[in-house]
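Q: Just so it is clear, I am handing over model21.cif, which has mmCIF, C-alpha atoms.
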data_data
loop_
_atom_site.label_atom_id
_atom_site.label_comp_id
_atom_site.auth_asym_id
_atom_site.auth_seq_id
_atom_site.Cartn_x
_atom_site.Cartn_y
_atom_site.Cartn_z
CA MET A 234 0.00 0.00 0.00
CA LYS A 235 1.18 3.53 -0.81
CA ILE A 236 0.51 6.05 1.97
CA LEU A 237 0.87 9.84 1.77
CA VAL A 238 1.41 11.62 5.10
CA ILE A 239 0.86 15.39 5.16
CA THR A 240 2.11 17.33 8.16
CA THR A 241 3.59 20.66 9.29
CA SER A 242 5.30 18.84 12.21
CA TYR A 243 8.41 17.78 10.34
CA GLY A 244 11.78 18.97 9.06
CA ILE A 245 12.81 22.38 10.43
CA TYR A 246 9.34 22.73 11.96
CA SER A 247 9.53 19.55 14.01
CA ASP A 248 7.58 19.52 17.25
CA SER A 249 6.23 16.93 19.67
CA HIS A 250 3.93 15.57 16.96
CA THR A 251 7.05 14.58 14.99
CA ILE A 252 7.89 12.04 17.69
CA ARG A 253 4.30 10.82 17.56
CA LEU A 254 4.68 10.33 13.79
CA SER A 255 7.92 8.40 14.24
CA ASN A 256 6.24 6.12 16.78
CA ILE A 257 3.06 5.52 14.83
CA LEU A 258 4.63 5.13 11.37
CA GLY A 259 7.85 3.29 12.25
CA ASP A 260 6.60 -0.28 11.94
CA LEU A 261 4.15 0.57 9.14
CA ALA A 262 7.07 1.73 6.99
CA LYS A 263 8.47 -1.81 7.06
CA GLN A 264 5.41 -3.11 5.20
CA HIS A 265 4.14 -0.13 3.19
CA GLN A 266 5.54 2.65 0.99
CA ILE A 267 5.16 5.89 2.93
CA SER A 268 5.91 9.40 1.65
CA ILE A 269 5.80 12.42 3.95
CA CYS A 270 4.84 15.88 2.68
CA TYR A 271 5.91 18.91 4.79
CA PRO A 272 6.99 22.58 4.60
CA GLY A 273 10.61 23.31 3.69
CA LYS A 274 13.24 21.97 1.34
CA ASP A 275 15.19 19.52 3.52
CA LEU A 276 15.30 16.16 1.71
CA VAL A 277 16.63 14.11 4.65
CA SER A 278 14.03 11.94 6.37
CA SER A 279 14.42 11.59 10.14
CA ILE A 280 12.08 8.60 10.12
CA PRO A 281 13.68 5.47 8.58
CA ARG A 282 12.26 4.17 5.29
CA LEU A 283 10.05 7.23 4.69
CA THR A 284 10.36 9.12 1.41
CA PRO A 285 10.54 12.90 2.05
CA LEU A 286 8.42 15.22 -0.13
CA PRO A 287 9.20 18.82 0.94
CA VAL A 288 6.91 21.36 -0.74
CA GLY A 289 8.84 24.57 -0.08
CA LEU A 290 7.84 27.61 1.98
CA SER A 291 5.32 30.39 1.63
CA PHE A 292 6.69 33.95 1.33
CA LYS A 293 6.18 34.75 5.03
CA PHE A 294 8.03 31.58 6.02
CA LYS A 295 10.92 32.45 3.71
CA ILE A 296 11.20 35.70 5.70
CA LEU A 297 11.06 33.67 8.91
CA GLU A 298 13.94 31.45 7.80
CA MET A 299 15.97 34.47 6.74
CA LEU A 300 15.52 35.92 10.24
CA ARG A 301 16.50 32.58 11.78
CA VAL A 302 19.92 32.97 10.11
CA ILE A 303 20.31 36.67 11.00
CA HIS A 304 19.39 36.67 14.70
CA GLU A 305 17.47 34.38 17.06
CA LYS A 306 15.60 37.25 18.79
CA LEU A 307 14.35 38.60 15.44
CA PHE A 308 13.31 35.10 14.46
CA LEU A 309 11.37 34.54 17.71
CA ALA A 310 9.72 37.98 17.54
CA TYR A 311 8.51 37.42 13.96
CA LEU A 312 7.43 33.86 14.81
CA ASN A 313 5.30 35.25 17.66
CA VAL A 314 3.71 37.75 15.26
CA LEU A 315 2.92 34.95 12.78
CA LYS A 316 1.21 32.94 15.49
CA ARG A 317 -0.92 35.89 16.54
CA ILE A 318 -2.07 37.32 13.21
CA SER A 319 -2.21 34.33 10.85
CA ASN A 320 -5.60 33.03 9.80
CA PRO A 321 -6.55 30.21 10.15
CA ASP A 322 -3.11 29.46 11.67
CA MET A 323 0.56 30.32 11.14
CA TYR A 324 0.93 27.72 8.36
CA SER A 325 -1.72 29.33 6.16
CA GLY A 326 -0.87 28.69 2.52
CA PHE A 327 0.66 25.28 3.19
CA ASP A 328 -2.44 23.59 1.77
CA LYS A 329 -1.94 25.36 -1.57
CA LEU A 330 1.76 24.41 -1.68
CA VAL A 331 0.82 20.77 -1.17
CA GLU A 332 -1.86 20.93 -3.85
CA GLN A 333 0.57 22.57 -6.29
CA ASN A 334 3.11 19.81 -5.63
CA PHE A 335 0.75 17.29 -7.26
CA GLU A 336 -0.48 19.49 -10.10
CA GLY A 337 0.32 18.16 -13.53
CA SER A 338 0.41 14.54 -12.35
CA THR A 339 -1.54 12.28 -14.67
CA SER A 340 -2.47 10.06 -11.73
CA PHE A 341 -2.37 10.12 -7.95
CA GLU A 342 -0.31 7.11 -6.91
CA PHE A 343 -1.33 6.93 -3.23
CA ASP A 344 -3.96 4.59 -1.80
CA ILE A 345 -4.65 6.60 1.35
CA ILE A 346 -3.85 10.02 2.85
CA ILE A 347 -3.00 10.60 6.52
CA THR A 348 -2.88 14.17 7.81
CA ALA A 349 -1.14 14.79 11.11
CA SER A 350 -0.36 17.81 13.34
CA GLY A 351 -2.02 20.60 15.26
CA SER A 352 -2.22 22.82 12.18
CA ILE A 353 -5.53 22.82 10.38
CA GLU A 354 -3.57 23.51 7.18
CA SER A 355 -2.26 19.92 7.17
CA HIS A 356 -5.78 18.56 7.40
CA ARG A 357 -7.09 21.00 4.80
CA ALA A 358 -4.33 19.97 2.38
CA GLY A 359 -5.32 16.33 2.82
CA TYR A 360 -8.97 17.22 2.35
CA LEU A 361 -8.27 18.98 -0.97
CA LEU A 362 -6.30 16.02 -2.35
CA SER A 363 -8.80 13.49 -0.99
CA LYS A 364 -11.69 15.24 -2.76
CA LYS A 365 -9.74 15.78 -5.97
CA TYR A 366 -8.45 12.21 -6.34
CA ASN A 367 -11.19 10.33 -4.44
CA VAL A 368 -8.74 8.80 -1.94
CA PRO A 369 -9.63 7.91 1.67
CA LEU A 370 -8.49 10.43 4.31
CA ILE A 371 -7.44 9.75 7.92
CA CYS A 372 -6.98 12.83 10.14
CA ASP A 373 -4.63 12.40 13.10
CA TYR A 374 -5.18 15.15 15.69
CA GLY A 375 -2.96 16.14 18.57
CA ASP A 376 -4.60 18.83 20.68
CA PRO A 377 -8.01 20.21 19.69
CA ILE A 378 -7.96 23.03 17.13
CA SER A 379 -11.08 25.21 17.07
CA PRO A 380 -12.11 24.63 20.74
CA LEU A 381 -8.85 26.23 21.92
CA ILE A 382 -9.46 29.51 20.05
CA ALA A 383 -10.64 32.33 22.33
CA ASN A 384 -11.99 34.67 19.64
CA SER A 385 -15.56 33.50 18.93
CA ASP A 386 -15.66 34.73 15.30
CA LYS A 387 -12.36 33.06 14.42
CA ARG A 388 -13.39 29.91 16.27
CA LYS A 389 -16.63 29.71 14.29
CA SER A 390 -14.74 30.24 11.01
CA ILE A 391 -12.32 27.40 11.78
CA GLU A 392 -15.12 25.17 13.02
CA ASP A 393 -16.71 25.50 9.59
CA ILE A 394 -13.45 24.46 7.92
CA GLU A 395 -13.02 21.54 10.31
CA ARG A 396 -16.59 20.37 9.73
CA LYS A 397 -15.99 20.00 5.96
CA ILE A 398 -12.73 18.14 6.55
CA LEU A 399 -14.10 15.80 9.22
CA GLU A 400 -17.27 15.00 7.29
CA ASN A 401 -15.09 13.88 4.38
CA ALA A 402 -12.60 11.89 6.51
CA THR A 403 -13.04 8.14 6.72
CA SER A 404 -11.40 8.03 10.18
CA VAL A 405 -10.32 10.58 12.78
CA LEU A 406 -7.62 9.81 15.34
CA PHE A 407 -7.12 11.44 18.73
CA THR A 408 -4.52 10.97 21.45
CA THR A 409 -6.94 11.45 24.36
CA ASP A 410 -10.43 10.24 25.25
CA SER A 411 -11.51 13.74 26.26
CA THR A 412 -10.62 15.26 22.87
CA LEU A 413 -12.42 12.43 21.10
CA SER A 414 -15.54 13.04 23.22
CA GLN A 415 -15.33 16.78 22.62
CA TYR A 416 -15.10 16.37 18.83
CA ALA A 417 -17.70 13.60 18.68
CA LYS A 418 -20.17 15.94 20.35
CA LEU A 419 -19.19 19.04 18.36
CA PHE A 420 -19.05 17.45 14.89
CA ASP A 421 -21.06 14.22 15.32
CA ILE A 422 -18.15 11.99 14.26
CA GLY A 423 -18.16 9.46 17.09
CA SER A 424 -18.68 6.49 14.78
CA LYS A 425 -15.40 7.07 12.92
CA SER A 426 -13.28 8.36 15.80
CA HIS A 427 -10.49 6.39 17.50
CA VAL A 428 -7.95 7.00 20.27
CA ILE A 429 -4.34 6.02 19.57
CA ARG A 430 -1.99 7.18 22.30
CA TYR A 431 1.23 9.14 21.76
CA GLY A 432 3.40 6.14 22.59
CA PHE A 433 7.14 5.51 22.90
CA ASN A 434 9.79 3.58 20.98
CA PRO A 435 11.58 1.09 23.28
CA ASP A 436 14.49 0.67 20.83
CA GLU A 437 15.19 4.41 20.79
CA ILE A 438 15.13 4.47 24.60
CA GLU A 439 17.44 1.48 24.92
CA ASN A 440 19.98 2.96 22.46
CA ALA A 441 19.78 6.58 23.62
CA THR A 442 23.04 8.53 23.88
CA CYS A 443 24.03 11.92 25.23
CA GLU A 444 26.87 14.36 24.60
CA ARG A 445 30.02 13.14 26.32
CA LYS A 446 30.50 16.01 28.76
CA VAL A 447 27.04 15.40 30.25
CA SER A 448 27.42 11.62 30.41
CA LEU A 449 30.81 12.07 32.14
CA ILE A 450 29.20 14.28 34.80
CA LEU A 451 26.58 11.63 35.46
CA GLU A 452 29.19 8.86 35.56
CA SER A 453 31.37 10.81 38.01
CA THR A 454 28.45 11.51 40.36
CA LYS A 455 26.88 8.05 40.62
CA ASN A 456 26.31 8.57 44.34
CA ILE A 457 24.03 11.52 43.57
CA LYS A 458 20.32 10.89 43.19
CA TYR A 459 19.21 13.07 40.29
CA ILE A 460 15.75 14.60 40.03
CA SER A 461 15.06 15.64 36.44
CA HIS A 462 12.60 17.75 34.53
CA ILE A 463 13.19 17.33 30.80
CA GLY A 464 10.93 19.34 28.52
CA THR A 465 8.99 22.56 28.10
CA ALA A 466 8.12 24.64 31.16
CA PHE A 467 7.21 28.29 31.65
CA VAL A 468 6.45 30.50 34.65
CA ASN A 469 2.75 30.91 33.80
CA ASP A 470 2.15 27.33 32.69
CA ARG A 471 4.28 24.53 34.18
CA SER A 472 6.09 26.45 36.89
CA LEU A 473 9.22 24.76 38.24
CA PHE A 474 9.77 27.20 41.11
CA PRO A 475 8.12 24.88 43.71
CA LEU A 476 10.21 21.92 42.48
CA ILE A 477 13.45 23.93 42.66
CA ASP A 478 12.57 25.22 46.15
CA ALA A 479 11.77 21.68 47.31
CA VAL A 480 15.06 20.22 46.02
CA SER A 481 17.06 23.01 47.68
CA ASN A 482 15.47 22.09 51.03
CA ILE A 483 16.20 18.36 50.95
CA ASN A 484 19.00 17.30 53.28
CA SER A 485 20.32 14.54 51.10
CA GLU A 486 22.79 13.89 48.30
CA VAL A 487 20.46 14.95 45.51
CA GLY A 488 21.01 16.72 42.23
CA LEU A 489 18.74 18.57 39.84
CA ILE A 490 18.69 18.30 36.04
CA LEU A 491 16.76 20.86 33.98
CA ALA A 492 16.75 20.52 30.21
CA GLY A 493 14.48 21.80 27.48
CA ARG A 494 12.80 25.00 26.35
CA ARG A 495 11.83 26.91 29.50
CA SER A 496 11.80 30.26 31.27
CA SER A 497 15.34 31.41 32.10
CA ALA A 498 14.04 32.42 35.54
CA PHE A 499 14.11 28.76 36.62
CA SER A 500 17.85 28.36 36.08
CA ASN A 501 18.51 31.73 37.68
CA HIS A 502 16.50 30.68 40.73
CA ALA A 503 18.33 27.36 41.09
CA ASN A 504 21.69 29.13 40.88
CA GLN A 505 20.65 31.73 43.44
CA LEU A 506 19.72 28.93 45.84
CA ASN A 507 23.16 27.41 45.19
CA ILE A 508 21.77 23.92 44.54
CA LYS A 509 24.59 21.41 44.50
CA ASN A 510 24.95 19.10 41.52
CA PHE A 511 22.76 21.26 39.30
CA ILE A 512 22.99 20.23 35.65
CA ASP A 513 21.60 23.15 33.65
CA LEU A 514 20.99 22.33 29.98
CA ASP A 515 19.23 24.20 27.21
CA LYS A 516 17.07 22.43 24.62
CA VAL A 517 18.61 19.00 23.98
CA ASP A 518 18.14 16.56 21.11
CA TYR A 519 15.62 13.77 21.48
CA SER A 520 18.15 10.99 22.12
CA SER A 521 19.80 13.04 24.88
CA SER A 522 16.43 13.66 26.52
CA LEU A 523 15.79 9.92 26.61
CA TYR A 524 19.28 9.23 27.99
CA LEU A 525 18.85 11.78 30.79
CA GLN A 526 15.50 10.31 31.82
CA CYS A 527 16.90 6.79 31.86
CA LYS A 528 19.81 7.88 34.07
CA SER A 529 17.69 9.90 36.51
CA ASN A 530 16.47 8.54 39.83
CA VAL A 531 13.26 10.57 39.62
CA ASN A 532 11.57 11.85 36.45
CA VAL A 533 9.30 14.82 37.02
CA ILE A 534 6.18 15.49 34.98
CA VAL A 535 4.31 18.72 35.65
CA GLY A 536 0.73 18.11 34.57
CA ASN A 537 -1.33 20.55 32.53
CA LYS A 538 -3.79 22.97 34.10
CA ASP A 539 -6.28 21.70 31.53
CA GLY A 540 -6.43 17.99 32.38
CA ARG A 541 -7.81 17.06 28.96
CA GLN A 542 -4.37 17.44 27.42
CA VAL A 543 -1.78 14.71 28.01
CA PRO A 544 1.92 15.67 27.67
CA GLY A 545 3.78 13.33 25.31
CA LYS A 546 6.48 12.91 27.94
CA VAL A 547 4.01 10.84 30.02
CA PHE A 548 4.53 7.91 27.65
CA ILE A 549 8.26 8.49 27.29
CA ALA A 550 8.61 8.43 31.09
CA ILE A 551 6.74 5.11 31.13
CA GLY A 552 9.21 3.75 28.59
CA CYS A 553 12.24 4.99 30.54
CA LYS A 554 11.20 2.79 33.49
CA GLN A 555 12.25 5.09 36.32
CA PRO A 556 10.14 6.35 39.25
CA ILE A 557 7.84 9.21 38.21
CA LEU A 558 6.94 12.26 40.28
CA TYR A 559 3.72 13.62 38.82
CA ILE A 560 2.96 17.19 39.90
CA SER A 561 -0.76 17.68 39.52
CA GLN A 562 -2.20 21.07 38.55
CA CYS A 563 -5.89 20.26 38.21
CA ASP A 564 -8.67 18.17 39.72
CA GLU A 565 -7.52 14.53 39.68
CA GLU A 566 -10.88 13.38 38.29
CA GLN A 567 -10.35 15.62 35.25
CA ASP A 568 -6.67 14.74 34.75
CA GLU A 569 -6.40 12.32 31.85
CA ALA A 570 -2.61 12.04 32.14
CA LEU A 571 -2.97 10.88 35.73
CA LYS A 572 -5.58 8.32 34.71
CA ILE A 573 -3.05 6.84 32.26
CA LEU A 574 -0.28 6.80 34.87
CA ASN A 575 -2.33 5.45 37.78
CA ASP A 576 -1.28 1.82 37.21
CA TYR A 577 2.40 2.66 36.74
CA PRO A 578 4.32 0.60 39.34
CA SER A 579 6.35 3.51 40.75
CA LEU A 580 4.17 6.62 40.56
CA PHE A 581 4.22 9.37 43.20
CA ILE A 582 1.86 12.35 43.12
CA ALA A 583 2.31 15.85 44.55
CA LYS A 584 0.61 19.21 44.28
CA ASN A 585 2.60 22.06 42.73
CA ASN A 586 3.81 23.60 45.97
CA LYS A 587 7.15 23.30 47.77
CA ASN A 588 5.98 21.39 50.86
CA SER A 589 4.00 18.79 48.94
CA ILE A 590 6.84 18.17 46.47
CA LYS A 591 9.51 18.03 49.19
CA GLU A 592 7.52 15.51 51.22
CA VAL A 593 6.93 13.24 48.23
CA ILE A 594 10.54 13.40 46.98
CA GLU A 595 11.81 12.39 50.43
CA ILE A 596 9.49 9.37 50.36
CA MET A 597 10.72 8.49 46.85
CA LEU A 598 14.38 8.72 47.83
CA GLU A 599 13.81 6.32 50.70
CA SER A 600 12.15 3.77 48.44
CA ASP A 601 13.76 1.44 45.93
CA THR A 602 14.66 3.49 42.85
CA ALA A 603 16.02 0.64 40.73
CA SER A 604 14.92 0.48 37.10
CA LEU A 605 11.50 -1.02 36.62
CA GLU A 606 10.26 -3.59 34.19
CA VAL A 607 7.55 -2.12 32.02
CA ALA A 608 4.30 -3.41 33.43
CA SER A 609 1.97 -5.22 31.07
CA PHE A 610 -0.19 -2.11 30.70
CA GLY A 611 2.80 -0.25 29.19
CA LYS A 612 3.03 -2.60 26.23
CA GLN A 613 -0.01 -0.97 24.64
CA TYR A 614 1.93 2.31 24.33
CA GLU A 615 4.94 0.85 22.54
CA SER A 616 5.45 2.02 18.96
CA ARG A 617 4.79 -1.48 17.57
CA SER A 618 1.42 -1.53 19.26
CA ILE A 619 0.26 1.89 18.06
CA SER A 620 1.49 1.14 14.52
CA ASN A 621 -0.65 -2.01 14.58
CA GLN A 622 -3.65 0.00 15.76
CA LEU A 623 -3.21 2.44 12.89
CA GLU A 624 -2.79 -0.37 10.35
CA LYS A 625 -6.11 -1.90 11.40
CA ILE A 626 -7.82 1.47 10.94
CA ILE A 627 -6.21 1.92 7.51
CA TYR A 628 -7.48 -1.42 6.28
CA GLY A 629 -10.91 -0.60 7.65
CA SER A 630 -11.04 2.69 5.71
#
Please rewrite the model in this file as structure tokens.
A:
Amino acid sequence: MKILVITTSYGIYSDSHTIRLSNILGDLAKQHQISICYPGKDLVSSIPRLTPLPVGLSFKFKILEMLRVIHEKLFLAYLNVLKRISNPDMYSGFDKLVEQNFEGSTSFEFDIIITASGSIESHRAGYLLSKKYNVPLICDYGDPISPLIANSDKRKSIEDIERKILENATSVLFTTDSTLSQYAKLFDIGSKSHVIRYGFNPDEIENATCERKVSLILESTKNIKYISHIGTAFVNDRSLFPLIDAVSNINSEVGLILAGRRSSAFSNHANQLNIKNFIDLDKVDYSSSLYLQCKSNVNVIVGNKDGRQVPGKVFIAIGCKQPILYISQCDEEQDEALKILNDYPSLFIAKNNKNSIKEVIEIMLESDTASLEVASFGKQYESRSISNQLEKIIYGS
């Protein structure tokens, strides 16, 4: 079978959905011919056995890439403007670039189209090709699209676009039960909706590596019990101040690892508190992030304030088989990430305040922190499993 994947979450615009794609398509690519269509001109595929089909960039994105080369602050400022003023989203025009890529072809060689990412432009591009060539369409969502838009007029406009796309789709995939329920109610698509979790790749975790200077630090401080937060965190969203304060108040040989895109205030705060064995890293590559989580004694996940959204790192932490400290930020009954983690064999839960976190970390450090075998429930989140789930849906389309 020949499969066309259309996404904005690839190449230079990779995001968390790129990892999702790697997990869900990895095993499928062993049996089927998969091509991936995305913005840019990079012809190197980061997912083995996938054929890259870059479609170029719109004019505003060419400006963005020029600014990326000139200065990071200019790049980030313009990127922020794009996110705020673009309609329907910052990738507007991508659908036309995709359509143009196939113009002039005497036939459309693909048997099915899969659109994937949080940009509606990916799904609209798939919709246009699906209608034009009468090919089945599967839409793979991450977070909701129109329900997250505050402006009521813009939300209604995008709802109308989504309705056309979803009515035409043969199947719609979601990563959470709550998003599926929300969309089933809003667009009456329950009969063709499925949940396939984000997942993790056990082979990538097992073979993860890190830059030598970091691995040497970890090797030379084996007696230190490291508490790690790897991933995105900001002051107004997933605040790490309570975690940092808690670690600084623990009378034990502990260390703190922070890595990933985050507010600089967190590192400044940890340095001001003079935390010993503080490993302060910027954004790291995916393999390094896996390595750090595997080597840590405690992996920290700060939950979302909106419990309907499940951070992808939940599944990666399951795959890394180390004790998890889950810092809850919403009502536990509404927290879908916590529902997934509840059966994990070494889960500890705290509220996002210093005293709660300190108390729980001290309990964790007293317990056995040896690596865990993935419990049977974790098998369903492995990349092989989610690829199999997708394959069944494809053959049912």
Q: Translate the PyMOL selection byres ((chain A and resi 493) around 10), as applied to the file shown, into an explicit residue set as a list in words.
A: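 Applied to this file, the PyMOL selection byres ((chain A and resi 493) around 10) selects His462, Ile463, Gly464, Thr465, Ala466, Leu491, Ala492, Arg494, Arg495, Ser496, Asp513, Leu514, Asp515, Lys516, Val517, Asp518 and Ser522 of chain A.
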Q: For the selection you just gave me, I'd like the residues written to a file as a short mmCIF file (atom, residue, chain, number, x, y, z; two decimals), in the frame of the given file, keeping C-alpha atoms.
A:
data_model
loop_
_atom_site.label_atom_id
_atom_site.label_comp_id
_atom_site.auth_asym_id
_atom_site.auth_seq_id
_atom_site.Cartn_x
_atom_site.Cartn_y
_atom_site.Cartn_z
CA HIS A 462 12.60 17.75 34.53
CA ILE A 463 13.19 17.33 30.80
CA GLY A 464 10.93 19.34 28.52
CA THR A 465 8.99 22.56 28.10
CA ALA A 466 8.12 24.64 31.16
CA LEU A 491 16.76 20.86 33.98
CA ALA A 492 16.75 20.52 30.21
CA ARG A 494 12.80 25.00 26.35
CA ARG A 495 11.83 26.91 29.50
CA SER A 496 11.80 30.26 31.27
CA ASP A 513 21.60 23.15 33.65
CA LEU A 514 20.99 22.33 29.98
CA ASP A 515 19.23 24.20 27.21
CA LYS A 516 17.07 22.43 24.62
CA VAL A 517 18.61 19.00 23.98
CA ASP A 518 18.14 16.56 21.11
CA SER A 522 16.43 13.66 26.52
#
Q: Report the residues retrieved by the PyMOL selection byres ((chain A and resi 334) around 12) from the displayed file, expressed as an MDAnalysis selection string.
A: chainID A and resid 239 270:272 286:290 327:333 335:338 341 358 362
Q: Report the residues retrieved by the PyMOL selection byres ((chain A and resi 397) around 12) from the displayed file, expressed as a list in words.
A: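 Applied to this file, the PyMOL selection byres ((chain A and resi 397) around 12) selects Ile353, His356, Arg357, Gly359, Tyr360, Leu361, Ser363, Lys364, Ser390, Ile391, Glu392, Asp393, Ile394, Glu395, Arg396, Ile398, Leu399, Glu400, Asn401, Ala402, Phe420 and Ile422 of chain A.
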Q: For a quick check of your reading of the model, name the residues lying within 6 Å of the coordinate (-5.5, 9.0, 21.0), counting all atoms listed in the file, and write them as an NGL selection string.
A: :A and (407-409 or 428-430)
Q: For CA of Lys546 in chain A and CA of Leu419 in chain A, determine how far apart the two atoms are, in Å to one decimal place.
A: 28.1 Å
Q: Let me make sure I understand: among A:Leu276, A:Ile594, A:Leu558, A:Leu307, which one has the smallest atom-to-atom distance to Val480 in chain A if we use only C-alpha atoms?
A: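 The closest residue to Val480 in chain A is A:Ile594.
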Q: Considering all atoms listed in the file, state which residue in the set A:Leu451, A:Ala498, A:Ile483, A:Leu283 is at the smallest distance from Asn510 in chain A.
A: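 Ranked by minimum distance to Asn510 in chain A, first place goes to A:Leu451.
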Q: Can you measure CA of Arg617 in chain A to CA of Tyr519 in chain A for me? One decimal in Å is fine.
A: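 So the two atoms, CA of Arg617 in chain A and CA of Tyr519 in chain A, lie 19.1 Å apart.
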Q: What gap, in Å, lies between CA of Ile490 in chain A and CA of Asn507 in chain A?
A: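 According to the coordinates, CA of Ile490 in chain A and CA of Asn507 in chain A are separated by 13.7 Å.
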Q: A:Ile560, A:Leu473, A:Ile378, A:Leu449: which is nearest Thr412 in chain A, counting all atoms listed in the file?
A: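 For Thr412 in chain A, the nearest of the candidates is A:Ile378.
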Q: Residues within 8 Å of Gly536 in chain A, please, as a PyMOL selection string. Count only C-alpha atoms; anything in the same chain fewer than 4 positions from it doesn't count.
A: chain A and resi 471+540+543-544+559-563+570
Q: Which polymer residues, protein or nucleic acid, are no farther than 12 Å from (8.5, 1.8, 49.9), counting all atoms listed in the file, as a list in words?
A: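 Within the cut-off we find Pro556, Pro578, Ser579, Leu580, Phe581, Val593, Glu595, Ile596, Met597, Leu598, Glu599, Ser600, Asp601, Thr602 and Ala603 of chain A.
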Q: Given all atoms listed in the file as the basis, pick out the residue of A:Lys235, A:Lys387, A:Lys306, A:His502 nearest to Lys263 in chain A.
A: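 Of A:Lys235, A:Lys387, A:Lys306, A:His502, the one nearest Lys263 in chain A is A:Lys235, counting all atoms listed in the file.
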Q: Output as an mmCIF file, in the frame of the given file: range 363-374 of chain A, completed with N, CA and C atoms.
A:
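Ended up saving to out-v3.cif:
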data_model
loop_
_atom_site.group_PDB
_atom_site.id
_atom_site.type_symbol
_atom_site.label_atom_id
_atom_site.label_comp_id
_atom_site.auth_asym_id
_atom_site.auth_seq_id
_atom_site.Cartn_x
_atom_site.Cartn_y
_atom_site.Cartn_z
ATOM 1 N N SER A 363 -7.845 14.591 -1.140
ATOM 2 C CA SER A 363 -8.800 13.490 -0.990
ATOM 3 C C SER A 363 -10.018 13.695 -1.888
ATOM 4 N N LYS A 364 -10.523 14.925 -1.919
ATOM 5 C CA LYS A 364 -11.690 15.240 -2.760
ATOM 6 C C LYS A 364 -11.317 15.173 -4.253
ATOM 7 N N LYS A 365 -10.138 15.692 -4.575
ATOM 8 C CA LYS A 365 -9.740 15.780 -5.970
ATOM 9 C C LYS A 365 -9.482 14.407 -6.577
ATOM 10 N N TYR A 366 -8.864 13.507 -5.799
ATOM 11 C CA TYR A 366 -8.450 12.210 -6.340
ATOM 12 C C TYR A 366 -9.277 11.045 -5.789
ATOM 13 N N ASN A 367 -10.290 11.353 -4.985
ATOM 14 C CA ASN A 367 -11.190 10.330 -4.440
ATOM 15 C C ASN A 367 -10.402 9.239 -3.688
ATOM 16 N N VAL A 368 -9.579 9.693 -2.744
ATOM 17 C CA VAL A 368 -8.740 8.800 -1.940
ATOM 18 C C VAL A 368 -9.157 8.934 -0.475
ATOM 19 N N PRO A 369 -9.248 7.835 0.258
ATOM 20 C CA PRO A 369 -9.630 7.910 1.670
ATOM 21 C C PRO A 369 -8.685 8.801 2.478
ATOM 22 N N LEU A 370 -9.247 9.503 3.477
ATOM 23 C CA LEU A 370 -8.490 10.430 4.310
ATOM 24 C C LEU A 370 -8.613 10.054 5.779
ATOM 25 N N ILE A 371 -7.469 9.944 6.470
ATOM 26 C CA ILE A 371 -7.440 9.750 7.920
ATOM 27 C C ILE A 371 -6.803 10.994 8.532
ATOM 28 N N CYS A 372 -7.498 11.636 9.453
ATOM 29 C CA CYS A 372 -6.980 12.830 10.140
ATOM 30 C C CYS A 372 -6.482 12.447 11.524
ATOM 31 N N ASP A 373 -5.218 12.699 11.794
ATOM 32 C CA ASP A 373 -4.630 12.400 13.100
ATOM 33 C C ASP A 373 -4.426 13.717 13.862
ATOM 34 N N TYR A 374 -5.243 13.926 14.884
ATOM 35 C CA TYR A 374 -5.180 15.150 15.690
ATOM 36 C C TYR A 374 -4.219 14.982 16.858
#
